[in-house]
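Engineer: Below you'll find structure15.pdb; it's PDB, C-alpha atoms, pLDDT in the B column.
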ATOM      1  CA  MET A   1      37.686-108.944   3.908  1.00 42.00           C
ATOM      2  CA  ARG A   2      39.560-105.787   3.205  1.00 45.00           C
ATOM      3  CA  THR A   3      38.361-102.690   5.016  1.00 44.00           C
ATOM      4  CA  VAL A   4      39.251 -99.285   3.679  1.00 51.00           C
ATOM      5  CA  ILE A   5      38.245 -95.957   5.159  1.00 50.00           C
ATOM      6  CA  VAL A   6      39.878 -92.947   3.577  1.00 50.00           C
ATOM      7  CA  LYS A   7      40.096 -89.819   5.713  1.00 44.00           C
ATOM      8  CA  VAL A   8      41.228 -86.425   4.532  1.00 43.00           C
ATOM      9  CA  GLY A   9      41.732 -83.682   7.095  1.00 48.00           C
ATOM     10  CA  GLY A  10      39.912 -85.687   9.776  1.00 50.00           C
ATOM     11  CA  ARG A  11      36.821 -86.399   7.655  1.00 50.00           C
ATOM     12  CA  GLU A  12      35.882 -89.163   5.268  1.00 49.00           C
ATOM     13  CA  GLU A  13      36.760 -88.468   1.670  1.00 52.00           C
ATOM     14  CA  ALA A  14      33.863 -88.435  -0.775  1.00 53.00           C
ATOM     15  CA  GLY A  15      33.585 -91.828  -2.433  1.00 65.00           C
ATOM     16  CA  ALA A  16      35.233 -93.693   0.449  1.00 88.00           C
ATOM     17  CA  LEU A  17      33.375 -96.665   1.886  1.00 95.00           C
ATOM     18  CA  THR A  18      33.074 -97.686   5.516  1.00 96.00           C
ATOM     19  CA  ALA A  19      34.043-101.155   6.661  1.00 95.00           C
ATOM     20  CA  ARG A  20      30.369-102.116   7.042  1.00 96.00           C
ATOM     21  CA  GLN A  21      29.546-100.936   3.537  1.00 97.00           C
ATOM     22  CA  ILE A  22      32.392-103.053   2.172  1.00 97.00           C
ATOM     23  CA  ASP A  23      31.257-106.064   4.226  1.00 97.00           C
ATOM     24  CA  THR A  24      27.740-105.623   2.868  1.00 98.00           C
ATOM     25  CA  LEU A  25      28.936-105.322  -0.730  1.00 98.00           C
ATOM     26  CA  ALA A  26      31.095-108.417  -0.302  1.00 97.00           C
ATOM     27  CA  LEU A  27      27.992-110.412   0.611  1.00 98.00           C
ATOM     28  CA  VAL A  28      26.045-108.867  -2.273  1.00 98.00           C
ATOM     29  CA  SER A  29      28.848-110.082  -4.543  1.00 97.00           C
ATOM     30  CA  LEU A  30      28.139-113.625  -3.317  1.00 97.00           C
ATOM     31  CA  GLY A  31      24.520-113.297  -4.428  1.00 97.00           C
ATOM     32  CA  LEU A  32      22.949-112.939  -1.001  1.00 98.00           C
ATOM     33  CA  ARG A  33      19.650-111.105  -0.545  1.00 98.00           C
ATOM     34  CA  ASN A  34      19.178-108.297   1.962  1.00 98.00           C
ATOM     35  CA  ALA A  35      17.577-110.583   4.557  1.00 98.00           C
ATOM     36  CA  GLU A  36      20.453-113.071   4.258  1.00 98.00           C
ATOM     37  CA  ILE A  37      23.026-110.286   4.578  1.00 98.00           C
ATOM     38  CA  ALA A  38      21.227-108.928   7.635  1.00 98.00           C
ATOM     39  CA  ALA A  39      21.270-112.351   9.289  1.00 98.00           C
ATOM     40  CA  ARG A  40      24.976-112.893   8.573  1.00 98.00           C
ATOM     41  CA  LEU A  41      26.025-109.465   9.843  1.00 98.00           C
ATOM     42  CA  GLY A  42      23.589-109.269  12.757  1.00 98.00           C
ATOM     43  CA  LEU A  43      21.798-106.259  11.298  1.00 98.00           C
ATOM     44  CA  THR A  44      18.243-105.374  10.373  1.00 98.00           C
ATOM     45  CA  VAL A  45      17.111-105.403   6.747  1.00 98.00           C
ATOM     46  CA  PRO A  46      16.561-101.606   6.758  1.00 98.00           C
ATOM     47  CA  THR A  47      20.147-101.130   7.980  1.00 98.00           C
ATOM     48  CA  VAL A  48      21.468-103.329   5.173  1.00 98.00           C
ATOM     49  CA  LYS A  49      19.439-101.312   2.664  1.00 98.00           C
ATOM     50  CA  SER A  50      20.860 -98.109   4.105  1.00 98.00           C
ATOM     51  CA  TYR A  51      24.450 -99.364   3.826  1.00 98.00           C
ATOM     52  CA  LEU A  52      23.851-100.468   0.241  1.00 98.00           C
ATOM     53  CA  CYS A  53      22.167 -97.226  -0.800  1.00 97.00           C
ATOM     54  CA  GLU A  54      24.978 -95.147   0.670  1.00 97.00           C
ATOM     55  CA  ALA A  55      27.665 -97.367  -0.898  1.00 97.00           C
ATOM     56  CA  MET A  56      25.926 -97.181  -4.273  1.00 97.00           C
ATOM     57  CA  ALA A  57      25.751 -93.394  -4.043  1.00 97.00           C
ATOM     58  CA  ARG A  58      29.427 -93.111  -3.096  1.00 96.00           C
ATOM     59  CA  LEU A  59      30.398 -95.416  -5.959  1.00 96.00           C
ATOM     60  CA  HIS A  60      28.059 -93.632  -8.418  1.00 96.00           C
ATOM     61  CA  ALA A  61      26.338 -96.945  -9.118  1.00 97.00           C
ATOM     62  CA  THR A  62      22.679 -97.359 -10.024  1.00 97.00           C
ATOM     63  CA  THR A  63      22.430-101.086  -9.306  1.00 97.00           C
ATOM     64  CA  ARG A  64      23.801-103.506  -6.728  1.00 97.00           C
ATOM     65  CA  GLN A  65      25.808-105.250  -9.432  1.00 97.00           C
ATOM     66  CA  ALA A  66      27.297-101.985 -10.672  1.00 98.00           C
ATOM     67  CA  ALA A  67      28.338-101.168  -7.095  1.00 97.00           C
ATOM     68  CA  VAL A  68      30.104-104.524  -6.768  1.00 97.00           C
ATOM     69  CA  VAL A  69      31.872-104.037 -10.103  1.00 97.00           C
ATOM     70  CA  GLU A  70      33.033-100.533  -9.133  1.00 96.00           C
ATOM     71  CA  ALA A  71      34.179-101.688  -5.677  1.00 96.00           C
ATOM     72  CA  ARG A  72      36.214-104.440  -7.345  1.00 96.00           C
ATOM     73  CA  ARG A  73      37.657-101.959  -9.827  1.00 96.00           C
ATOM     74  CA  ARG A  74      38.802 -99.804  -6.881  1.00 94.00           C
ATOM     75  CA  GLY A  75      40.382-102.822  -5.179  1.00 94.00           C
ATOM     76  CA  LEU A  76      37.919-102.871  -2.288  1.00 94.00           C
ATOM     77  CA  LEU A  77      36.633-106.376  -3.064  1.00 94.00           C
ATOM     78  CA  PRO A  78      38.444-109.444  -4.363  1.00 89.00           C
TER
END
Here is the file; what I need is its structure written in the form of structure tokens.

Structural biologist:
Amino acid sequence: MRTVIVKVGGREEAGALTARQIDTLALVSLGLRNAEIAARLGLTVPTVKSYLCEAMARLHATTRQAAVVEARRRGLLP
């Protein structure tokens, strides 16, 4: 998986995703549910939901699928 964190002046740039958010979106792109993603990444379901909500907000996406499409468009996912 490709991890991209963009920093500008020592802080994350708006719209940048953390490595964990990218990992989570990669598993969403495979069709996994939150519980399955949590098990694979060793996280809790609420943590997975948090990562997805934040990634969706940063990508200006209203659905999980739209977030995956936008992440792919930006070259963050294969």

Engineer: Identify, on the basis of all atoms listed in the file, every residue whose closest approach to stretch 48-65 of chain A does not exceed 10 Å; exclude the query and any residue fewer than 6 positions from it along the same chain; express the result as a CSV table (one decimal) with C-alpha atoms, keeping the file's coordinate frame.

Structural biologist:
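See around22.csv below for the written result:
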chain,number,residue,atom,x,y,z
A,13,GLU,CA,36.8,-88.5,1.7
A,14,ALA,CA,33.9,-88.4,-0.8
A,15,GLY,CA,33.6,-91.8,-2.4
A,16,ALA,CA,35.2,-93.7,0.4
A,17,LEU,CA,33.4,-96.7,1.9
A,18,THR,CA,33.1,-97.7,5.5
A,20,ARG,CA,30.4,-102.1,7.0
A,21,GLN,CA,29.5,-100.9,3.5
A,22,ILE,CA,32.4,-103.1,2.2
A,23,ASP,CA,31.3,-106.1,4.2
A,24,THR,CA,27.7,-105.6,2.9
A,25,LEU,CA,28.9,-105.3,-0.7
A,28,VAL,CA,26.0,-108.9,-2.3
A,29,SER,CA,28.8,-110.1,-4.5
A,31,GLY,CA,24.5,-113.3,-4.4
A,33,ARG,CA,19.6,-111.1,-0.5
A,34,ASN,CA,19.2,-108.3,2.0
A,35,ALA,CA,17.6,-110.6,4.6
A,36,GLU,CA,20.5,-113.1,4.3
A,37,ILE,CA,23.0,-110.3,4.6
A,38,ALA,CA,21.2,-108.9,7.6
A,39,ALA,CA,21.3,-112.4,9.3
A,41,LEU,CA,26.0,-109.5,9.8
A,42,GLY,CA,23.6,-109.3,12.8
A,71,ALA,CA,34.2,-101.7,-5.7
A,74,ARG,CA,38.8,-99.8,-6.9

Engineer: Record the distance separating atom CA of A:Thr44 and atom CA of A:Leu76, expressed in Å with one decimal.

Structural biologist: 23.5 Å

Engineer: What does the structure give for the distance between atom CA of A:Ala26 and atom CA of A:Pro78, in Å to one decimal?

Structural biologist: 8.5 Å
